[in-house]
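*Asks:* Below you'll find model23.csv; it's CSV, C-alpha atoms and all ligand atoms.
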```csv
chain,number,residue,atom,x,y,z
S,1,MET,CA,-160.9,10.9,86.2
S,2,MET,CA,-159.0,9.9,89.4
S,3,LYS,CA,-160.9,9.3,92.6
S,4,THR,CA,-160.6,11.9,95.4
S,5,LYS,CA,-158.7,10.5,98.4
S,6,ALA,CA,-158.4,11.8,101.9
S,7,SER,CA,-154.7,12.6,101.4
S,8,HIS,CA,-153.9,14.6,98.2
S,9,THR,CA,-150.1,14.1,98.3
S,10,PRO,CA,-149.9,11.0,96.0
S,11,VAL,CA,-150.9,11.6,92.4
S,12,ALA,CA,-152.9,8.4,92.3
S,13,SER,CA,-153.5,5.1,94.1
S,14,VAL,CA,-152.6,1.8,92.5
S,15,VAL,CA,-153.0,-1.8,93.6
S,16,VAL,CA,-150.3,-4.1,92.2
S,17,VAL,CA,-150.9,-7.9,92.5
S,18,GLY,CA,-148.3,-10.5,91.5
S,19,GLU,CA,-145.3,-12.5,92.4
S,20,LEU,CA,-142.7,-11.6,95.0
S,21,ASN,CA,-139.2,-13.1,95.1
S,22,VAL,CA,-135.5,-12.3,95.6
S,23,ASP,CA,-133.0,-12.0,92.8
S,24,MET,CA,-129.5,-13.4,93.4
S,25,ILE,CA,-127.4,-11.7,90.7
S,26,LEU,CA,-124.0,-13.2,89.7
S,27,THR,CA,-122.2,-10.8,87.4
S,28,GLY,CA,-119.1,-11.6,85.2
S,29,GLU,CA,-118.2,-12.5,81.7
S,30,ASP,CA,-117.6,-16.3,81.6
S,31,ILE,CA,-120.3,-17.3,84.1
S,32,VAL,CA,-122.7,-19.5,82.1
S,33,PRO,CA,-122.9,-22.8,84.2
S,34,GLU,CA,-121.5,-26.0,82.6
S,35,TRP,CA,-121.6,-29.5,84.1
S,36,ASN,CA,-118.4,-30.4,85.9
S,37,ARG,CA,-116.9,-26.9,85.7
S,38,GLU,CA,-116.6,-24.1,88.2
S,39,LYS,CA,-116.9,-20.6,86.9
S,40,ILE,CA,-115.9,-17.4,88.8
S,41,ALA,CA,-118.2,-14.4,89.1
S,42,ASN,CA,-116.9,-10.9,89.7
S,43,GLN,CA,-119.8,-9.7,91.7
S,44,PHE,CA,-122.8,-11.1,93.7
S,45,GLU,CA,-125.9,-9.2,95.0
S,46,ILE,CA,-129.1,-10.3,96.7
S,47,VAL,CA,-131.8,-7.8,95.8
S,48,LEU,CA,-135.6,-7.5,95.6
S,49,GLY,CA,-136.7,-9.3,92.5
S,50,SER,CA,-140.0,-9.9,90.7
S,51,SER,CA,-141.5,-7.9,87.9
S,52,SER,CA,-144.6,-6.9,89.9
S,53,ALA,CA,-142.6,-5.7,92.9
S,54,ILE,CA,-140.2,-3.7,90.7
S,55,THR,CA,-143.2,-2.1,89.0
S,56,ALA,CA,-144.7,-1.3,92.4
S,57,CYS,CA,-141.4,0.4,93.6
S,58,ALA,CA,-141.1,2.4,90.3
S,59,LEU,CA,-144.6,3.7,90.7
S,60,VAL,CA,-143.8,4.9,94.2
S,61,SER,CA,-140.7,6.6,92.8
S,62,LEU,CA,-143.0,8.5,90.4
S,63,GLY,CA,-145.2,9.7,93.3
S,64,VAL,CA,-147.9,7.1,93.3
S,65,GLU,CA,-149.4,5.4,96.4
S,66,VAL,CA,-149.0,1.7,96.0
S,67,THR,CA,-150.5,-1.3,97.8
S,68,PHE,CA,-148.8,-4.6,96.9
S,69,VAL,CA,-150.8,-7.8,97.1
S,70,SER,CA,-148.7,-11.0,97.1
S,71,VAL,CA,-147.5,-14.1,99.1
S,72,VAL,CA,-144.1,-15.0,100.6
S,73,GLY,CA,-142.9,-17.8,102.9
S,74,ALA,CA,-142.3,-17.3,106.6
S,75,ASP,CA,-138.5,-17.2,106.0
S,76,TYR,CA,-135.5,-14.9,105.7
S,77,PHE,CA,-136.1,-14.0,102.0
S,78,GLY,CA,-139.8,-13.3,102.6
S,79,GLU,CA,-138.8,-10.9,105.4
S,80,PHE,CA,-136.1,-9.3,103.2
S,81,CYS,CA,-138.7,-8.7,100.3
S,82,ILE,CA,-141.2,-7.1,102.7
S,83,GLN,CA,-138.5,-4.9,104.3
S,84,GLU,CA,-137.2,-3.8,100.9
S,85,LEU,CA,-140.7,-2.9,99.7
S,86,GLN,CA,-141.3,-0.9,102.9
S,87,ARG,CA,-138.0,0.9,102.6
S,88,MET,CA,-139.1,2.0,99.1
S,89,GLY,CA,-142.4,3.2,100.4
S,90,VAL,CA,-144.8,0.4,99.2
S,91,ASN,CA,-147.7,-0.6,101.4
S,92,THR,CA,-147.1,-4.2,102.4
S,93,ASP,CA,-150.3,-4.8,104.5
S,94,HIS,CA,-151.7,-7.2,101.9
S,95,ILE,CA,-148.7,-9.5,101.6
S,96,HIS,CA,-149.6,-12.9,103.0
S,97,ILE,CA,-146.9,-14.8,104.9
S,98,ARG,CA,-147.2,-18.6,104.8
S,99,SER,CA,-145.2,-21.0,106.9
S,100,ASP,CA,-145.8,-24.0,104.6
S,101,ILE,CA,-144.0,-22.7,101.6
S,102,LYS,CA,-140.6,-21.0,100.8
S,103,THR,CA,-140.3,-17.6,99.2
S,104,GLY,CA,-139.4,-17.7,95.5
S,105,VAL,CA,-135.8,-17.2,94.4
S,106,THR,CA,-134.4,-16.2,91.0
S,107,LEU,CA,-130.7,-16.8,90.2
S,108,SER,CA,-129.6,-14.4,87.5
S,109,PHE,CA,-126.4,-15.0,85.5
S,110,SER,CA,-125.6,-11.5,84.1
S,111,THR,CA,-122.9,-10.6,81.6
S,112,SER,CA,-122.4,-7.2,79.9
S,113,SER,CA,-124.4,-8.4,76.9
S,114,ASP,CA,-127.1,-10.7,78.2
S,115,ARG,CA,-128.5,-12.5,81.2
S,116,GLY,CA,-130.1,-15.9,82.0
S,117,LEU,CA,-132.5,-16.6,84.9
S,118,VAL,CA,-133.3,-19.8,86.9
S,119,THR,CA,-136.3,-19.5,89.2
S,120,TYR,CA,-137.5,-21.6,92.1
S,121,PRO,CA,-141.2,-20.5,92.2
S,122,GLY,CA,-141.9,-21.4,95.8
S,123,SER,CA,-144.6,-19.0,96.9
S,124,ILE,CA,-145.0,-17.4,93.5
S,125,PRO,CA,-147.9,-19.5,92.2
S,126,CYS,CA,-149.8,-19.0,95.5
S,127,VAL,CA,-151.0,-15.5,94.5
S,128,THR,CA,-154.7,-15.7,93.8
S,129,PRO,CA,-157.3,-13.0,92.5
S,130,ASP,CA,-159.4,-13.2,95.7
S,131,MET,CA,-156.5,-11.6,97.6
S,132,VAL,CA,-157.6,-8.3,95.9
S,133,THR,CA,-160.5,-7.4,98.1
S,134,GLU,CA,-163.4,-5.1,97.0
S,135,SER,CA,-162.5,-2.6,99.7
S,136,LEU,CA,-158.9,-2.4,98.2
S,137,LEU,CA,-160.4,-1.8,94.8
S,138,ARG,CA,-162.8,0.9,96.1
S,139,GLU,CA,-159.7,2.9,97.3
S,140,ALA,CA,-157.8,2.5,94.0
S,141,ASP,CA,-157.5,4.3,90.7
S,142,HIS,CA,-155.8,1.4,88.9
S,143,LEU,CA,-155.2,-2.3,89.3
S,144,HIS,CA,-152.0,-3.8,87.8
S,145,PHE,CA,-151.3,-7.5,87.6
S,146,GLY,CA,-148.0,-9.2,86.8
S,147,SER,CA,-148.8,-12.7,85.9
S,148,TYR,CA,-145.6,-14.8,85.9
S,149,TYR,CA,-146.2,-18.5,86.9
S,150,LEU,CA,-149.8,-18.6,88.1
S,151,GLN,CA,-152.0,-21.5,89.1
S,152,ASP,CA,-153.5,-22.8,85.8
S,153,GLN,CA,-157.0,-23.2,87.3
S,154,MET,CA,-157.0,-19.5,88.4
S,155,ARG,CA,-156.7,-18.1,84.9
S,156,GLU,CA,-160.4,-17.2,84.2
S,157,HIS,CA,-160.7,-15.7,87.7
S,158,TRP,CA,-158.3,-12.9,86.8
S,159,SER,CA,-160.7,-11.7,84.1
S,160,THR,CA,-163.5,-11.7,86.7
S,161,LEU,CA,-161.4,-9.6,89.0
S,162,PHE,CA,-160.6,-7.2,86.1
S,163,ALA,CA,-164.3,-6.9,85.2
S,164,GLN,CA,-165.1,-6.1,88.9
S,165,ALA,CA,-162.4,-3.5,88.9
S,166,GLN,CA,-163.7,-1.8,85.8
S,167,GLN,CA,-167.2,-1.8,87.2
S,168,LEU,CA,-165.9,0.2,90.2
S,169,GLY,CA,-164.2,2.7,87.8
S,170,VAL,CA,-160.7,1.3,88.4
S,171,SER,CA,-158.6,1.0,85.2
S,172,THR,CA,-156.6,-2.2,84.6
S,173,SER,CA,-153.3,-3.4,83.2
S,174,PHE,CA,-151.3,-6.6,83.0
S,175,ASP,CA,-147.9,-7.9,81.9
S,176,THR,CA,-147.8,-11.6,81.1
S,177,GLY,CA,-144.1,-12.1,81.9
S,178,TRP,CA,-142.4,-15.0,80.3
S,179,ASP,CA,-144.2,-18.2,81.2
S,180,ILE,CA,-142.6,-21.2,79.5
S,181,ARG,CA,-145.6,-23.4,80.3
S,182,ASN,CA,-147.6,-21.4,77.8
S,183,LEU,CA,-150.4,-20.8,80.3
S,184,TRP,CA,-151.3,-17.5,78.7
S,185,ASP,CA,-152.2,-18.9,75.3
S,186,ARG,CA,-154.0,-16.8,72.8
S,187,SER,CA,-157.5,-17.6,74.1
S,188,GLY,CA,-156.5,-16.8,77.7
S,189,ILE,CA,-155.0,-13.5,76.7
S,190,GLU,CA,-158.0,-12.5,74.5
S,191,GLN,CA,-160.4,-13.3,77.4
S,192,LEU,CA,-158.5,-11.0,79.7
S,193,LEU,CA,-158.1,-8.3,77.0
S,194,THR,CA,-161.9,-7.7,77.1
S,195,THR,CA,-161.5,-6.1,80.5
S,196,THR,CA,-158.0,-4.6,80.1
S,197,ASN,CA,-157.1,-1.0,79.6
S,198,LEU,CA,-153.4,-1.6,79.1
S,199,PHE,CA,-151.8,-4.9,78.1
S,200,ILE,CA,-148.0,-4.5,78.3
S,201,PRO,CA,-146.0,-7.6,77.0
S,202,SER,CA,-142.5,-7.7,75.7
S,203,GLU,CA,-142.1,-8.3,71.9
S,204,GLU,CA,-140.8,-11.8,72.6
S,205,GLU,CA,-143.8,-12.7,74.8
S,206,ILE,CA,-146.5,-11.5,72.3
S,207,LEU,CA,-144.7,-13.2,69.4
S,208,HIS,CA,-144.7,-16.4,71.4
S,209,ILE,CA,-148.4,-16.0,72.4
S,210,TYR,CA,-149.4,-15.5,68.8
S,211,ASN,CA,-147.0,-18.2,67.5
S,212,THR,CA,-145.3,-16.0,64.9
S,213,SER,CA,-142.0,-14.1,64.4
S,214,HIS,CA,-143.6,-11.0,62.9
S,215,MET,CA,-145.3,-8.2,64.8
S,216,GLU,CA,-147.4,-7.4,61.6
S,217,GLU,CA,-149.0,-10.8,61.9
S,218,VAL,CA,-149.7,-10.2,65.6
S,219,ILE,CA,-151.5,-6.9,64.8
S,220,THR,CA,-153.7,-8.6,62.2
S,221,LYS,CA,-154.5,-11.4,64.6
S,222,LEU,CA,-155.3,-9.2,67.6
S,223,PRO,CA,-159.1,-9.1,68.4
S,224,ASP,CA,-161.1,-5.9,68.5
S,225,LEU,CA,-159.4,-3.9,71.2
S,226,VAL,CA,-161.1,-2.1,74.0
S,227,GLY,CA,-157.8,-0.8,75.5
S,228,ASP,CA,-154.2,-0.4,74.3
S,229,VAL,CA,-151.6,-3.2,73.6
S,230,ILE,CA,-148.2,-1.8,74.3
S,231,VAL,CA,-145.2,-3.9,73.3
S,232,LYS,CA,-141.7,-3.4,74.8
S,233,LEU,CA,-139.0,-3.6,72.1
S,234,GLY,CA,-135.9,-3.3,74.3
S,235,SER,CA,-133.3,-1.0,72.9
S,236,GLN,CA,-135.6,-0.3,69.9
S,237,GLY,CA,-138.2,1.5,72.1
S,238,SER,CA,-141.9,0.5,72.2
S,239,LEU,CA,-145.0,0.0,70.0
S,240,LEU,CA,-148.6,0.8,70.7
S,241,VAL,CA,-151.7,-0.7,69.0
S,242,ASP,CA,-155.2,0.6,70.0
S,243,ALA,CA,-158.7,0.1,68.6
S,244,THR,CA,-157.7,1.8,65.3
S,245,LYS,CA,-155.1,-1.0,64.7
S,246,GLN,CA,-152.7,1.7,63.4
S,247,PRO,CA,-149.5,0.8,65.1
S,248,LEU,CA,-147.3,3.6,66.5
S,249,THR,CA,-143.6,3.0,67.3
S,250,ILE,CA,-141.5,5.3,69.4
S,251,ARG,CA,-137.7,4.9,69.5
S,252,SER,CA,-135.9,4.5,72.8
S,253,TYR,CA,-133.6,7.1,74.4
S,254,PRO,CA,-129.9,6.5,73.6
S,255,VAL,CA,-128.3,5.2,76.8
S,256,THR,CA,-125.5,2.8,77.6
S,257,PRO,CA,-127.1,0.2,79.9
S,258,ILE,CA,-125.4,-1.0,83.0
S,259,ASP,CA,-128.0,-3.7,83.7
S,260,THR,CA,-131.3,-4.1,81.9
S,261,THR,CA,-133.0,-6.1,84.7
S,262,GLY,CA,-136.4,-4.6,85.4
S,263,ALA,CA,-136.3,-2.2,82.5
S,264,GLY,CA,-139.7,-3.6,81.4
S,265,ASP,CA,-141.1,-3.3,84.9
S,266,CYS,CA,-140.1,0.4,85.2
S,267,PHE,CA,-141.5,0.9,81.7
S,268,ASN,CA,-144.8,-0.6,83.0
S,269,ALA,CA,-144.8,1.9,85.8
S,270,GLY,CA,-144.3,4.7,83.3
S,271,ILE,CA,-147.3,3.5,81.2
S,272,ILE,CA,-149.6,3.2,84.3
S,273,TYR,CA,-148.5,6.6,85.6
S,274,GLY,CA,-148.8,8.3,82.2
S,275,TYR,CA,-152.2,6.7,81.5
S,276,LEU,CA,-153.5,8.0,84.9
S,277,GLN,CA,-152.2,11.5,84.1
S,278,GLY,CA,-154.1,11.4,80.7
S,279,TYR,CA,-151.1,10.9,78.4
S,280,ARG,CA,-152.0,9.0,75.3
S,281,ARG,CA,-150.2,7.4,72.3
S,282,ALA,CA,-146.8,9.1,71.5
S,283,THR,CA,-146.7,11.1,74.8
S,284,LEU,CA,-147.5,7.9,76.7
S,285,LEU,CA,-144.8,5.8,74.9
S,286,GLU,CA,-142.2,8.6,75.2
S,287,PHE,CA,-142.7,8.9,79.0
S,288,ALA,CA,-142.5,5.1,79.5
S,289,ASN,CA,-139.5,4.8,77.2
S,290,ALA,CA,-137.7,7.3,79.5
S,291,CYS,CA,-138.6,5.2,82.5
S,292,GLY,CA,-137.2,2.0,80.9
S,293,ALA,CA,-134.0,3.8,79.7
S,294,LEU,CA,-133.4,5.3,83.1
S,295,SER,CA,-133.8,2.0,84.9
S,296,THR,CA,-130.9,0.4,82.9
S,297,GLN,CA,-128.5,2.8,84.7
S,298,GLY,CA,-128.2,0.7,87.9
S,299,VAL,CA,-127.8,-3.0,88.9
S,300,GLY,CA,-131.0,-5.0,89.7
S,301,GLY,CA,-134.6,-4.1,89.1
S,302,THR,CA,-134.7,-1.3,91.7
S,303,GLY,CA,-131.1,-0.1,91.4
S,304,ALA,CA,-132.1,3.0,89.3
S,305,LEU,CA,-135.8,3.7,89.8
S,306,PRO,CA,-137.0,6.6,87.5
S,307,THR,CA,-138.0,9.9,89.0
S,308,LEU,CA,-140.1,12.7,87.4
S,309,GLN,CA,-137.1,15.0,87.5
S,310,GLN,CA,-134.8,12.5,85.7
S,311,ILE,CA,-137.6,11.9,83.1
S,312,ASP,CA,-137.8,15.6,82.5
S,313,HIS,CA,-134.1,15.8,82.1
S,314,ILE,CA,-133.7,12.9,79.6
S,315,GLN,CA,-136.7,14.2,77.6
S,316,MET,CA,-135.4,17.7,77.5
S,317,SER,CA,-131.9,16.5,76.4
S,318,HIS,CA,-133.3,14.6,73.5
S,319,SER,CA,-136.1,16.9,72.3
W,401,LIG,N1,-130.7,-0.6,75.9
W,401,LIG,C1,-131.7,0.2,76.1
W,401,LIG,N2,-131.6,1.5,75.7
W,401,LIG,C2,-132.6,2.4,75.9
W,401,LIG,N3,-133.8,2.0,76.3
W,401,LIG,C3,-134.0,0.7,76.7
W,401,LIG,C4,-133.0,-0.2,76.6
W,401,LIG,N4,-133.4,-1.4,77.0
W,401,LIG,C5,-134.7,-1.2,77.4
W,401,LIG,N5,-135.1,0.1,77.2
W,401,LIG,C6,-136.4,0.7,77.5
W,401,LIG,O1,-137.1,-0.1,78.4
W,401,LIG,C7,-138.2,-0.7,77.8
W,401,LIG,C8,-138.4,-2.1,78.4
W,401,LIG,O2,-137.3,-2.9,78.1
W,401,LIG,P1,-137.4,-4.3,77.5
W,401,LIG,O3,-138.1,-4.3,76.2
W,401,LIG,O4,-136.0,-4.9,77.6
W,401,LIG,O5,-138.4,-5.0,78.5
W,401,LIG,P2,-138.5,-6.5,79.0
W,401,LIG,O6,-138.2,-7.4,77.8
W,401,LIG,O7,-139.8,-6.7,79.7
W,401,LIG,O8,-137.3,-6.5,79.9
W,401,LIG,P3,-137.0,-7.0,81.4
W,401,LIG,O9,-137.4,-8.4,81.3
W,401,LIG,O10,-135.5,-6.7,81.6
W,401,LIG,O11,-137.8,-6.2,82.3
W,401,LIG,C9,-138.0,-0.6,76.3
W,401,LIG,O12,-139.3,-0.6,75.7
W,401,LIG,C10,-137.2,0.7,76.2
W,401,LIG,O13,-138.1,1.8,76.2
W,402,LIG,O1,-136.1,-8.1,84.3
W,402,LIG,C1,-137.2,-8.5,84.5
W,402,LIG,O2,-138.1,-8.5,83.8
W,402,LIG,C2,-137.5,-9.0,85.9
W,402,LIG,O3,-138.7,-9.1,86.2
W,402,LIG,C3,-136.4,-9.5,86.7
W,402,LIG,C4,-136.9,-9.8,88.0
W,402,LIG,O4,-136.1,-9.2,89.0
W,402,LIG,C5,-137.3,-11.2,88.3
W,402,LIG,O5,-137.1,-11.6,89.6
W,402,LIG,C6,-136.9,-12.3,87.4
W,402,LIG,O6,-137.7,-13.4,87.6
```
Represent the supplied structure as structure tokens.
*Replies:*
Amino acid sequence: MMKTKASHTPVASVVVVGELNVDMILTGEDIVPEWNREKIANQFEIVLGSSSAITACALVSLGVEVTFVSVVGADYFGEFCIQELQRMGVNTDHIHIRSDIKTGVTLSFSTSSDRGLVTYPGSIPCVTPDMVTESLLREADHLHFGSYYLQDQMREHWSTLFAQAQQLGVSTSFDTGWDIRNLWDRSGIEQLLTTTNLFIPSEEEILHIYNTSHMEEVITKLPDLVGDVIVKLGSQGSLLVDATKQPLTIRSYPVTPIDTTGAGDCFNAGIIYGYLQGYRRATLLEFANACGALSTQGVGGTGALPTLQQIDHIQMSHS
């Protein structure tokens, strides 16, 4: 049941906490960097990046009120990120600006078939759970956490924050993101899962966490679940495992992608929105698959944010 708010226009109120950075996207065919060579890109864009910020913008696009909690440097890119979030309707009052660090930057080398990222973390690891205040939680229906590149010593404090949120009747979700340092090992994930309604990793991430190449093995190894584990399978769609441990897979919508950056983040927004609307299992995955598919139709994470009207349209055309 959603909390009653003073204004009834937004369908729900969500706090998103996580990293904030710009993406510099170089697009072309032969653009993989090589030592002592110079490659030529066809196109260059500087856009709002970061999984958490893209999820925040996609939630707003679905009609949700979103407060974003993060950290940037007192520099040009920090200002750019805040302006872009404001332009898309995200509340930025809880973004901390620090003059002692630089805003994170991701360089994305994007071809028609694949992309590679190089990130300078800068302010990214400075996001800490205490930035989500109790008064923010009291106003929210849901708390989402995008966890890419966090401070190691902060890990257990995120589960404390999730427990506090749930005690206040706020549902919780998180997406690990790809963290090469293996910070989110199996025990860390399982600790956070005890207070998580929706865990939304990609297939590659959950296989890496469970050190296997088979989803069947992940499912047998998962602990007793209190919430749902929803795995993003790219062009194959998505898979849900809940307390019953009976996996459900729903195929994606057939689209020709322009750029898949942020598909997973828009999918996350679809899962959060759908969950708050009371959608479950197949209905939930179908809604989020539509969000992911629609987001591939533009360049950059926020180039094609899904709307309810577009979701209706794609679902009707394929029913
Ligand atoms: N080529 C595609 N065609 C149709 N739907 C897609 C395609 N790629 C992604 N999607 C949809 O978007 C969802 C999320 O995509 P994906 O699995 O690539 O997430 P991700 O690995 O987190 O990606 P990213 O890192 O780009 O955000 C998929 O589960 C699927 O529903
Ligand atoms: O595609 C994704 O999953 C991303 O989150 C892309 C982002 O824009 C991000 O900045 C990459 O670090």
*Asks:* Enumerate residues in contact with ligand LIG 402 (chain W): an atom-to-atom distance of at most 6 Å, counting all atoms listed in the file. Format the result as a list in words.
*Replies:* Asp23, Gly49, Ser50, Ser51, Thr106, Thr261, Gly262, Gly264 and Gly301 of chain S
*Asks:* Quick one: residues within 7 Å of ligand LIG 401 (chain W), with all atoms listed in the file, as a ChimeraX atom specification?
*Replies:* /S:51,201-202,232-238,252-257,260-265,267,288-293,296
*Asks:* I'd like the neighbourhood of S:Tyr120 as a PyMOL selection string, where a residue qualifies if any of its atoms comes within 10 Å (using only C-alpha atoms), though same-chain residues fewer than 3 positions away should be ignored.
*Replies:* chain S and resi 21+102-107+123-124
*Asks:* Write out as a list in words which residues come within 7 Å of S:Ile82 when counting only C-alpha atoms, dropping same-chain ones fewer than 4 positions away.
*Replies:* Gly78, Gln86 and Thr92 of chain S
*Asks:* I'd like the neighbourhood of S:Ile272 as a list in words, where a residue qualifies if any of its atoms comes within 9 Å (using all atoms listed in the file), though same-chain residues fewer than 6 positions away should be ignored.
*Replies:*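 In the requested format, the answer is Val14, Leu59, His142, His144, Thr172, Ser173, Leu198 and Ala288 of chain S.
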*Asks:* If I take atom CA of S:Asp312 and atom CA of S:Glu286, how far is one from the other in Å, to one decimal?
*Replies:*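 About the pair atom CA of S:Asp312 and atom CA of S:Glu286: they are 11.0 Å apart.
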*Asks:* Could you state the separation of atom CA of S:Phe199 and atom CA of S:Asp228 in Å, given to one decimal place?
*Replies:*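 That distance, rounded to one decimal, is 6.4 Å.
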*Asks:* Which residue is closest to S:Thr302? Choose from S:Leu150, S:Val47, S:Met24, S:Val11 and count all atoms listed in the file.
*Replies:*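 Result for the nearest residue to S:Thr302: S:Val47.
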*Asks:* Could you add whatever atoms are missing so that stretch 193-206 of chain S carries N, CA, C and O atoms, then write the result as a PDB file, in the frame of the given file?
*Replies:*
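Result went into selection-v9.pdb, see below:
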```pdb
ATOM      1  N   LEU S 193    -158.138  -9.567  77.731  1.00  0.00           N
ATOM      2  CA  LEU S 193    -158.100  -8.300  77.000  1.00  0.00           C
ATOM      3  C   LEU S 193    -159.447  -7.571  76.984  1.00  0.00           C
ATOM      4  O   LEU S 193    -159.505  -6.348  76.877  1.00  0.00           O
ATOM      5  N   THR S 194    -160.536  -8.314  77.117  1.00  0.00           N
ATOM      6  CA  THR S 194    -161.900  -7.700  77.100  1.00  0.00           C
ATOM      7  C   THR S 194    -162.109  -6.765  78.257  1.00  0.00           C
ATOM      8  O   THR S 194    -163.003  -5.930  78.217  1.00  0.00           O
ATOM      9  N   THR S 195    -161.314  -6.948  79.320  1.00  0.00           N
ATOM     10  CA  THR S 195    -161.500  -6.100  80.500  1.00  0.00           C
ATOM     11  C   THR S 195    -160.167  -5.393  80.886  1.00  0.00           C
ATOM     12  O   THR S 195    -159.944  -5.081  82.042  1.00  0.00           O
ATOM     13  N   THR S 196    -159.315  -5.180  79.880  1.00  0.00           N
ATOM     14  CA  THR S 196    -158.000  -4.600  80.100  1.00  0.00           C
ATOM     15  C   THR S 196    -157.819  -3.267  79.443  1.00  0.00           C
ATOM     16  O   THR S 196    -158.064  -3.166  78.243  1.00  0.00           O
ATOM     17  N   ASN S 197    -157.400  -2.260  80.178  1.00  0.00           N
ATOM     18  CA  ASN S 197    -157.100  -1.000  79.600  1.00  0.00           C
ATOM     19  C   ASN S 197    -155.717  -0.969  78.926  1.00  0.00           C
ATOM     20  O   ASN S 197    -155.515  -0.352  77.883  1.00  0.00           O
ATOM     21  N   LEU S 198    -154.758  -1.653  79.586  1.00  0.00           N
ATOM     22  CA  LEU S 198    -153.400  -1.600  79.100  1.00  0.00           C
ATOM     23  C   LEU S 198    -152.762  -3.017  79.226  1.00  0.00           C
ATOM     24  O   LEU S 198    -152.564  -3.528  80.329  1.00  0.00           O
ATOM     25  N   PHE S 199    -152.477  -3.645  78.087  1.00  0.00           N
ATOM     26  CA  PHE S 199    -151.800  -4.900  78.100  1.00  0.00           C
ATOM     27  C   PHE S 199    -150.330  -4.610  77.656  1.00  0.00           C
ATOM     28  O   PHE S 199    -150.128  -4.013  76.597  1.00  0.00           O
ATOM     29  N   ILE S 200    -149.332  -4.996  78.499  1.00  0.00           N
ATOM     30  CA  ILE S 200    -148.000  -4.500  78.300  1.00  0.00           C
ATOM     31  C   ILE S 200    -146.947  -5.668  78.208  1.00  0.00           C
ATOM     32  O   ILE S 200    -146.113  -5.845  79.098  1.00  0.00           O
ATOM     33  N   PRO S 201    -147.004  -6.484  77.155  1.00  0.00           N
ATOM     34  CA  PRO S 201    -146.000  -7.600  77.000  1.00  0.00           C
ATOM     35  C   PRO S 201    -144.725  -7.115  76.407  1.00  0.00           C
ATOM     36  O   PRO S 201    -144.662  -6.012  75.864  1.00  0.00           O
ATOM     37  N   SER S 202    -143.686  -7.965  76.464  1.00  0.00           N
ATOM     38  CA  SER S 202    -142.500  -7.700  75.700  1.00  0.00           C
ATOM     39  C   SER S 202    -142.749  -8.253  74.265  1.00  0.00           C
ATOM     40  O   SER S 202    -143.662  -9.067  74.061  1.00  0.00           O
ATOM     41  N   GLU S 203    -141.918  -7.851  73.320  1.00  0.00           N
ATOM     42  CA  GLU S 203    -142.100  -8.300  71.900  1.00  0.00           C
ATOM     43  C   GLU S 203    -141.994  -9.863  71.893  1.00  0.00           C
ATOM     44  O   GLU S 203    -142.808 -10.538  71.271  1.00  0.00           O
ATOM     45  N   GLU S 204    -140.995 -10.395  72.616  1.00  0.00           N
ATOM     46  CA  GLU S 204    -140.800 -11.800  72.600  1.00  0.00           C
ATOM     47  C   GLU S 204    -142.024 -12.574  73.136  1.00  0.00           C
ATOM     48  O   GLU S 204    -142.443 -13.595  72.594  1.00  0.00           O
ATOM     49  N   GLU S 205    -142.623 -12.009  74.183  1.00  0.00           N
ATOM     50  CA  GLU S 205    -143.800 -12.700  74.800  1.00  0.00           C
ATOM     51  C   GLU S 205    -144.988 -12.663  73.822  1.00  0.00           C
ATOM     52  O   GLU S 205    -145.645 -13.686  73.631  1.00  0.00           O
ATOM     53  N   ILE S 206    -145.266 -11.517  73.200  1.00  0.00           N
ATOM     54  CA  ILE S 206    -146.500 -11.500  72.300  1.00  0.00           C
ATOM     55  C   ILE S 206    -146.254 -12.287  71.065  1.00  0.00           C
ATOM     56  O   ILE S 206    -147.184 -12.929  70.574  1.00  0.00           O
TER      57      ILE S 206
END
```
